[in-house]
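Q: Got a structure here, written out as structure tokens. Questions coming.
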Amino acid sequence: MRGAALRWAFLALPIAVVAVFLLAPLGLMVWMSFWERAGLLVRPAFTLAAYYDFFQGARLSVLERSLWVSLEATAISLLIAYPIAYFLAFKARPSATRAVLLLFTVPFLINYIIRTFAWTYLLGRTGPVNGALTALGITQGPVDWLLYSDVSVLVGLITSYMPFMIFPLWMSLAGIDRRLLQASWILGAPPAATFWKITLPLSLPGVFAAVVFGFVGCFGESAVPIIMGGVGYQLMGNTITSTLDVLNFPLAAAMSSIVVAAMLALLGLWYLAFDIRAFLGKIVRWRA
Amino acid sequence: MAGGRPALTPLVWGYIALVLAFLYVPLIPPILFSFETGGGAGALRWYAQIWRNPILTSSMLTTLKIGIAVALAATVLGLASAMAIRELRAPRLVLLLMLLPVFIPGVSMGLATAFFFRQLGLAPSLLTIAIVQVLWALPFATLIVLTAMSSFDPVYLEAAYLSGANRRRAFLDVELPLIWPGISGAATFSLILSFNETVRTAIVQGPYNTVQTYIWSTYKQIGLSPTLYALMSLLILLTLTLVAASLLAGARRAASLRAE
Amino acid sequence: MNSALTRRQMMKAGLVTGLAATAGPLIARRAGAAGGTINFADIGVGDPDGDWSRFTGPTGYNVNLVAIGNAPSAILNVLIAGGGTASYDIINIVGGMQKPLVDNNLVEPIDIAKLPNWSKDKNIDEFLGKGMPGFQFIGYKDTIYGVPTVLQGDSFAYLPEKTGKLDSYAALFDPKWKGYVALEDNYTTAGQKTALYLKHAKLAEISNPDDMTPPEFKTVVDFLIDQKKKGQFRVIWSSFQQAVDLIVNKEVYVIDCWEPMVFVSKSKGVDAVYADPVEGYLLWAMAAYVTKNPNRSPEQTDAAYKLLDFMLGGWYGAKITTLRGYMTNTQAPEYAQQHKDEFPAEDAKKVTDITENVRRKFAKGGTWQNRWPTHVDVYESEWSRFKAS
């Protein structure tokens with residue numbers, strides 16, 4: 001009996017932690033988005049002024065840009081990461097797999113400001129990349145769009161979050177029961193059909209986790225746009241910080257609430273499109 | 001089938017090497033900058049400077065303490081929430097709740113939790129830093145454990161029950177070893193996320209510096225010193241040595257297995 | 001089975017000791033909130049490379065420097081939400097933040113009677129006194145809240161090998177350097193410098209660049225957006241290191257920036273020049289504020305004042321000028337010249353040169369950076385329009 005209570009407590013613990021330390025502050029934040037400003041302070045009220053401000057002003061384009069660039073970066077990252085994860089799960093020796101996975105994590109122990117900043121040196125007009133391009137005669141002179149452009153922001157985002165995506169992809173692929181693949185082979189399915197009909201669907205849990213890692217990582221990123229973006233490149237985190245510079249708490253709260261709502265909407269779409277049960281399937285079925 | 005077309009294999013290895021190179025290229029400039037001479041001093045002077053900067057040494061200690069605490073706490077909580085998703089009535093709701101922390105922009109979450117800590121009367125401390133970082137790492141830890149669990153076949157547990165094991169025994173002896181890659185992965189991710197977290201930490205840092213907040217502040221206002229580059233180069237060297245050591249140990253174990 | 005058992009036991013033991021080891025210090029220590037340590041939040045400029053021995057020796061108090069950001073959001077977040085008034089005794093940031101700090105009840109007035117070095121610093125009297133425009137960096141409604149620790153006059157930097165000699169902010173908008181110009185991401189520096197230029201060149205009606213009306217600031221932003229669309233700017237920088245690299249790597253030729261960035265670039269062998277513009281300078285000062293903490297003991301407050309006085313003294317001033325390239329106080333050059341054991345001749349010369357040069361800038365004038373203009377909300381939203389354009 002005591003064991004059961006202990007077990008229940010263990011399961012409830014993370015829920016309690018998130019509920020206390022996140023739901024309460026989040027509720028406060030949403031509530032504050034309806035407050036009104038009184039000089040430098042805020043006071044409880046119910047006004048949509050902050051939302052009006054956001055949807056009327058220049059910041060709406062920042063939300064759009066954040067969604068697009070995160071989507072792009074996540075899609076490209078997935079295309080890069082999936083083949084690697086597939087190869088590691090099915091073709092490589094276990095020791096080689098472990099080595100490669102470790103090698104993918106090492107750069108992340110290095111401070112990410114320093115890592116991101118190093119790109120500006122590498123990609124600059126007088127940097128080694130442009131030097132090599134010019135020396136090899138590929139370009140006439142330095143290429144401007146390598147840095148302070150949409151391209152460099154993508155480079156920064158992909159190198160920051162793509163490796164996070166390899167791991168869950170590899171785990172879900174490695175967990176696929178090989179007998180299913182063998183059965184498919186025995187039944188005469190060509191490798192491509194086996195992949196589309198069996199491997200890919202079974203790896204969706206990992207794809208889901210990878211997409212969440214990549215997308216929310218990029219969406220919440222505030223250092224890459226500052227360091228590698230061009231003339232005033234901003235993502236949502238940057239523009240929220242900017243409104244906090246003038247103590248506009250309601251606007252900051254409203255924008256944060258909009259971001260959370262957008263994320264929940266995307267998650268809802270994902271639920272609809274891919275049916276989350278594909279992910280939870282084996283886990284949940286087992287409960288019953 | 002498992003071999004695929006052999007001609008393809010070196011090609012894929014080349015591709016992996018290329019992607020890895022892309023990730024390692026940004027590590028080269030810091031290493032070069034760390035040997036910056038000038039003023040006629042030796043090439044290793046900045047490495048000696050690391051230990052003479054009291055802010056840097058104390059922030060290294062703080063970062064390490066918090067990193068370990070966050071890695072442990074987030075992993076245990078991540079395991080618990082993955083199990084809760086499996087065993088409680090509303091798996092989607094619990095999953096949603098666990099993912100929520102990453103949906104909130106960092107600065108907003110830092111601010112909101114900081115306000116909340118003040119309401120609770122919780123002064124800024126290592127504990128408050130650890131709490132915001134655990135919240136940040138928890139969704140990642142949960143998803144990784146969950147991914148590992150999703151490919152774990154419950155048949156093994158059934159087998160354990162049939163052999164007379166109770167729930168706890170079955171979990172510890174059968175499931176835990178099988179989902180271990182997920183657990184260790186969750187801990188590694190949490191540690192990395194803790195090392196790199198700035199926005200949330202800065203708001204509740206109180207009287208502490210972490211390596212990350214210190215670097216961010218100097219980067220913004222007075223410029224990165226070669227000392228910081230030296231510290232990062234040491235870290236690169238250290239982690240690569242650890243990786244090499246673990247690979248070597250793995251290779252030796254494999255060799256001895258084969259010898260048996 | 002056997003191996004699984006031992007692994008399990010090992011894991012269990014490891015987890016328990018790990019938790020105990022990390023949870024212990026988490027709860028136990030609250031870094032010297034009382035007695036013996038002054039918690040000093042600083043933007044990095046006020047760090048004498050960790051050497052507080054000349055303060056710690058006579059007073060017995062240690063200094064715990066916490067590196068924070070200088071953006072208003074960073075400061076206000078830490079103080080309002082993060083409980084910073086209880087964590088820190090002093091915050092040393094770019095001044096002019098009195099309005100939000102005082103109105104939110106975050107800082108205390110300064111009792112200058114407790115600061116013997118205050119009256120010895122000629123800079124305060126000459127440039128920051130009551131009734132002068134510089135007072136806005138340390139005072140609010142006739143009360144003093146900040147101790148000036150650094151004073152500086154900003155303009156812009158250029159690479160003479162590429163551009164020849166430049167002496168007007170017009171260079172930032174000169175089509176000749178199209179695509180080779182960088183601005184700071186800051187409406188109270190880049191915005192104000194642009195206003196100073198527009199006013200001087202008679203391109204816009206701006207009565208006071210220090211404190212613009214909403215239509216005036218909108219004119220400034222419209223001008224900047226037009227320039228941006230024409231491809232005038234390569235990047236809008238937001239950190240010291242970024243600006244240094246833009247100069248050192250010759251990524252841009254003309255850059256709106258801070259003078260110490262030029263010193264750093266020169267030390268790396270790049271011939272950059274900090275301009276003396278005809279329009280004048282953007283003048284500013286850093287201020288150290290005492291946070292409002294009702295629980296602080298009188299002894300702790302006394303010690304905080306001793307630290308403030310130490311920061312107005314010759315050694316600290318000379319050290320900061322040597323390390324960071326900003327002018328501090330007028331005792332600094334004398335101290336550096338008289339203490340050859342502590343400051344070698346070249347350092348003493350550097351301190352003297354910088355002090356003389358910045359005092360010259362203050363005498364010439366220009367515009368006073370206003371970190372909290374009357375219509376700061378308009379500045380912020382207009383600036384975000386510029387960035388999003």
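Ligands are numbered from 1 in the order shown, chains are lettered A, B, ... in the order of the structure tokens, and residues start at 1 in each chain.
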Write out as a Markdown table a residue-level contact list of chain C versus chain A with cut-off 6 Å: for each qualifying residue the closest pair of atoms and the distance in Å to one decimal, counting only C-alpha atoms, rows sorted by chain and residue number upward.
A:
```
| residue | atom | partner | partner_atom | distance |
| --- | --- | --- | --- | --- |
| C:Pro72 | CA | A:Asp245 | CA | 4.8 |
| C:Ser73 | CA | A:Asp245 | CA | 4.0 |
| C:Val235 | CA | A:Val231 | CA | 4.5 |
| C:Ile236 | CA | A:Val231 | CA | 5.0 |
| C:Glu251 | CA | A:Arg125 | CA | 5.9 |
| C:Arg385 | CA | A:Ala58 | CA | 5.3 |
| C:Lys387 | CA | A:Gly232 | CA | 4.1 |
```
Q: If the cut-off is 6 Å, can you tell me the residues of chain B near chain A, counting only C-alpha atoms? I'd like them as a ChimeraX atom specification.
A: /B:26,77,80-81,84,86-87,103-105,112-113,116,150-151,192
Q: Please, could you write that set of residues out with N, CA and C atoms as a compact mmCIF listing (two decimals), in the first residue's frame?
A:
```
# COMPACT_ATOMS: atom_id res chain seq x y z
N PRO B 26 33.02 26.06 -36.19
CA PRO B 26 33.00 27.23 -35.30
C PRO B 26 33.86 27.06 -34.04
N LEU B 77 12.78 13.73 -13.00
CA LEU B 77 11.44 14.24 -13.29
C LEU B 77 10.99 13.83 -14.69
N ALA B 80 9.85 10.32 -14.49
CA ALA B 80 8.56 10.27 -13.81
C ALA B 80 7.45 10.74 -14.74
N SER B 81 7.70 11.82 -15.49
CA SER B 81 6.61 12.31 -16.33
C SER B 81 6.37 11.38 -17.52
N ALA B 84 4.29 8.86 -16.12
CA ALA B 84 2.95 9.39 -15.86
C ALA B 84 2.15 9.43 -17.16
N ARG B 86 2.46 7.43 -19.55
CA ARG B 86 2.11 6.05 -19.85
C ARG B 86 0.98 5.54 -18.97
N GLU B 87 0.99 5.96 -17.71
CA GLU B 87 0.11 5.28 -16.77
C GLU B 87 -1.10 6.07 -16.30
N PHE B 103 7.36 26.16 -24.79
CA PHE B 103 6.52 26.98 -25.67
C PHE B 103 6.55 28.45 -25.28
N ILE B 104 6.99 28.73 -24.08
CA ILE B 104 6.96 30.11 -23.60
C ILE B 104 8.29 30.76 -23.90
N PRO B 105 8.29 31.93 -24.55
CA PRO B 105 9.56 32.59 -24.84
C PRO B 105 10.40 32.74 -23.57
N ALA B 112 8.18 35.78 -15.64
CA ALA B 112 6.99 35.31 -14.93
C ALA B 112 7.38 34.47 -13.71
N THR B 113 8.34 33.59 -13.87
CA THR B 113 8.73 32.77 -12.71
C THR B 113 9.40 33.64 -11.65
N PHE B 116 6.85 35.24 -9.69
CA PHE B 116 6.22 34.23 -8.85
C PHE B 116 7.11 33.90 -7.64
N SER B 150 8.99 4.36 -25.99
CA SER B 150 8.06 4.01 -27.06
C SER B 150 8.57 2.82 -27.85
N SER B 151 9.88 2.58 -27.82
CA SER B 151 10.37 1.43 -28.56
C SER B 151 10.70 0.26 -27.63
N ILE B 192 23.70 19.95 -20.95
CA ILE B 192 24.04 20.89 -22.04
C ILE B 192 23.12 22.10 -22.00
```
Q: Do me a favour and pick out the residues of chain B within 6 Å of chain C, using only C-alpha atoms, as a short mmCIF file (atom, residue, chain, number, x, y, z; two decimals) with C-alpha atoms, in the first residue's frame.
A:
```
data_model
loop_
_atom_site.label_atom_id
_atom_site.label_comp_id
_atom_site.auth_asym_id
_atom_site.auth_seq_id
_atom_site.Cartn_x
_atom_site.Cartn_y
_atom_site.Cartn_z
CA ALA B 69 21.72 19.40 -10.04
CA ALA B 114 10.83 35.53 -11.13
CA PHE B 115 7.65 37.44 -10.22
CA LEU B 126 21.23 28.67 -6.64
CA LEU B 127 17.86 27.07 -5.99
CA ILE B 203 16.77 37.32 -14.27
CA VAL B 204 17.01 35.16 -11.15
CA GLY B 206 20.90 37.02 -7.64
CA PRO B 207 24.42 37.23 -6.24
CA ASN B 209 27.51 34.48 -11.92
CA TYR B 214 29.39 36.17 -17.30
CA SER B 217 27.72 40.29 -20.00
CA TYR B 219 30.39 39.92 -24.76
CA LYS B 220 27.83 42.70 -24.64
CA GLN B 221 29.68 45.37 -22.72
CA ILE B 222 33.45 44.98 -22.56
CA GLY B 223 34.40 42.37 -25.13
#
```
Q: Leaving out Thr201 in chain B and any residue of its chain fewer than 2 positions from it, which residues lie within 10 Å of it when counting only C-alpha atoms, given as a ChimeraX atom specification?
A: /B:106-107,110-111,114,126,128-133,194,196-199,203-206,208-210,212-213 /C:82
Q: With only C-alpha atoms as the basis for distance, which of B:Leu97, B:Met60, B:Leu88, B:Met83 is at the shortest distance from Leu176 in chain B?
A: B:Met83
Q: Leaving out range 289-295 of chain C and any residue of its chain fewer than 2 positions from it, which residues lie within 8 Å of it when counting only C-alpha atoms, given as a list in words?
A: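 Near range 289-295 of chain C, the qualifying residues are Thr85, Ala86, Tyr88, Asp89, Ile90, Ile91, Asn92, Asn105, Leu106, Val107, Glu108, Pro109, Ile110, Tyr145, Gly146, Val147, Ala287, Ser297 and Ala304 of chain C.
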Q: To test your reading of the structure, identify every residue in range 78-134 of chain C that backbone DSSP assigns to strand (DSSP E), and report it as a list in words.
A: Ile90, Ile91, Asn92, Ile93, Val94, Val107 and Glu108 of chain C
Q: Store the residues picked out above, limited to C-alpha atoms, as a compact mmCIF listing (two decimals), in the first residue's frame.
A:
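Written out: out.txt:
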```txt
# COMPACT_ATOMS: atom_id res chain seq x y z
CA ILE C 90 25.13 48.59 -5.43
CA ILE C 91 24.36 48.49 -9.15
CA ASN C 92 26.83 50.19 -11.47
CA ILE C 93 25.30 50.84 -14.90
CA VAL C 94 25.05 53.57 -17.52
CA VAL C 107 17.16 52.90 -5.31
CA GLU C 108 18.00 55.27 -2.49
```
Q: Of the candidates C:Val254, C:Met132, C:Val358, C:Leu183, which one gets nearest to Leu224 in chain C if we count only C-alpha atoms?
A: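 Counting only C-alpha atoms, the residue closest to Leu224 in chain C is C:Leu183.
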Q: Can you check which residues of range 149-377 of chain C DSSP gives as alpha helix (DSSP H) on the backbone and send them as JSON, numbers by chain?
A: {"C": [160, 161, 162, 163, 190, 191, 192, 193, 194, 195, 196, 197, 198, 199, 200, 214, 215, 216, 217, 218, 219, 220, 221, 222, 223, 224, 225, 226, 227, 228, 229, 240, 241, 242, 243, 244, 245, 246, 247, 248, 259, 260, 261, 262, 263, 264, 265, 266, 267, 298, 299, 300, 301, 302, 303, 304, 305, 306, 307, 308, 309, 310, 311, 314, 315, 316, 317, 318, 319, 320, 321, 322, 323, 324, 331, 332, 333, 334, 335, 336, 337, 338, 345, 346, 347, 348, 349, 350, 351, 352, 353, 354, 355, 356, 357, 358, 359, 360, 361, 362, 363, 364, 376, 377]}
Q: Output C-alpha atoms for every residue in that selection, as a tab-separated table (two decimals), in the first residue's frame.
A:
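And here is the file that came out, out-v5.tsv:
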```tsv
chain	number	residue	atom	x	y	z
C	160	PRO	CA	41.15	56.13	-42.77
C	161	GLU	CA	42.84	53.81	-45.28
C	162	LYS	CA	39.42	53.27	-46.87
C	163	THR	CA	37.66	56.57	-46.33
C	190	ALA	CA	22.20	55.74	-32.74
C	191	GLY	CA	18.80	57.44	-32.70
C	192	GLN	CA	20.10	60.49	-30.91
C	193	LYS	CA	23.24	60.76	-33.05
C	194	THR	CA	21.09	60.62	-36.18
C	195	ALA	CA	18.90	63.38	-34.75
C	196	LEU	CA	21.97	65.47	-33.97
C	197	TYR	CA	23.09	65.06	-37.58
C	198	LEU	CA	19.68	65.84	-39.08
C	199	LYS	CA	19.34	68.94	-36.93
C	200	HIS	CA	22.82	70.14	-37.74
C	214	PRO	CA	6.94	61.79	-31.10
C	215	PRO	CA	6.74	63.42	-34.59
C	216	GLU	CA	10.42	64.39	-34.35
C	217	PHE	CA	11.53	60.89	-33.51
C	218	LYS	CA	9.28	59.52	-36.21
C	219	THR	CA	11.10	61.76	-38.71
C	220	VAL	CA	14.41	60.30	-37.53
C	221	VAL	CA	13.15	56.74	-37.96
C	222	ASP	CA	11.66	57.49	-41.38
C	223	PHE	CA	15.06	58.78	-42.44
C	224	LEU	CA	16.78	55.66	-41.11
C	225	ILE	CA	14.28	53.35	-42.82
C	226	ASP	CA	14.91	55.15	-46.09
C	227	GLN	CA	18.66	54.64	-45.63
C	228	LYS	CA	18.16	51.00	-44.72
C	229	LYS	CA	16.07	50.38	-47.84
C	240	PHE	CA	30.99	45.33	-27.76
C	241	GLN	CA	32.68	42.28	-29.22
C	242	GLN	CA	30.62	42.44	-32.40
C	243	ALA	CA	31.62	46.06	-33.00
C	244	VAL	CA	35.30	45.32	-32.39
C	245	ASP	CA	35.23	42.49	-34.89
C	246	LEU	CA	33.43	44.62	-37.48
C	247	ILE	CA	36.34	47.06	-37.29
C	248	VAL	CA	39.17	44.55	-36.95
C	259	GLU	CA	35.69	54.78	-28.18
C	260	PRO	CA	37.21	51.79	-26.28
C	261	MET	CA	36.34	49.62	-29.28
C	262	VAL	CA	38.82	51.70	-31.25
C	263	PHE	CA	41.47	51.21	-28.55
C	264	VAL	CA	40.98	47.45	-28.74
C	265	SER	CA	41.11	47.50	-32.54
C	266	LYS	CA	44.32	49.51	-32.48
C	267	SER	CA	45.87	47.04	-30.05
C	298	PRO	CA	23.57	50.27	8.92
C	299	GLU	CA	27.03	48.65	8.92
C	300	GLN	CA	26.39	47.17	5.49
C	301	THR	CA	25.19	50.52	4.19
C	302	ASP	CA	28.33	52.18	5.59
C	303	ALA	CA	30.47	49.60	3.85
C	304	ALA	CA	28.59	50.20	0.59
C	305	TYR	CA	29.33	53.90	0.92
C	306	LYS	CA	32.99	53.13	1.55
C	307	LEU	CA	33.01	51.17	-1.70
C	308	LEU	CA	31.37	54.06	-3.55
C	309	ASP	CA	33.99	56.42	-2.17
C	310	PHE	CA	36.72	53.97	-3.14
C	311	MET	CA	35.35	54.01	-6.68
C	314	GLY	CA	42.47	57.72	-7.73
C	315	TRP	CA	43.59	54.08	-7.80
C	316	TYR	CA	40.24	52.64	-8.88
C	317	GLY	CA	39.72	55.40	-11.44
C	318	ALA	CA	43.16	54.93	-12.96
C	319	LYS	CA	42.74	51.15	-13.02
C	320	ILE	CA	39.38	51.29	-14.80
C	321	THR	CA	40.64	53.84	-17.33
C	322	THR	CA	43.67	51.64	-18.02
C	323	LEU	CA	41.59	48.51	-18.44
C	324	ARG	CA	38.48	49.82	-20.16
C	331	GLN	CA	42.11	62.13	-9.31
C	332	ALA	CA	42.98	59.23	-11.56
C	333	PRO	CA	45.69	60.86	-13.76
C	334	GLU	CA	47.49	62.32	-10.75
C	335	TYR	CA	47.39	59.03	-8.92
C	336	ALA	CA	48.72	57.10	-11.89
C	337	GLN	CA	51.56	59.56	-12.42
C	338	GLN	CA	52.56	59.52	-8.76
C	345	ALA	CA	54.68	55.17	-17.41
C	346	GLU	CA	52.71	54.06	-20.47
C	347	ASP	CA	49.61	53.35	-18.37
C	348	ALA	CA	49.92	56.71	-16.61
C	349	LYS	CA	50.17	58.40	-19.99
C	350	LYS	CA	47.11	56.52	-21.21
C	351	VAL	CA	45.10	57.64	-18.18
C	352	THR	CA	46.20	61.25	-18.61
C	353	ASP	CA	45.52	61.29	-22.36
C	354	ILE	CA	42.08	59.74	-22.08
C	355	THR	CA	41.08	62.05	-19.25
C	356	GLU	CA	42.21	65.16	-21.13
C	357	ASN	CA	40.55	64.04	-24.36
C	358	VAL	CA	37.19	63.22	-22.81
C	359	ARG	CA	37.18	66.44	-20.80
C	360	ARG	CA	37.75	68.26	-24.09
C	361	LYS	CA	34.72	66.49	-25.54
C	362	PHE	CA	32.56	67.47	-22.60
C	363	ALA	CA	33.71	71.06	-22.98
C	364	LYS	CA	32.75	71.00	-26.66
C	376	VAL	CA	10.44	56.57	-24.42
C	377	ASP	CA	7.55	54.31	-25.48
```
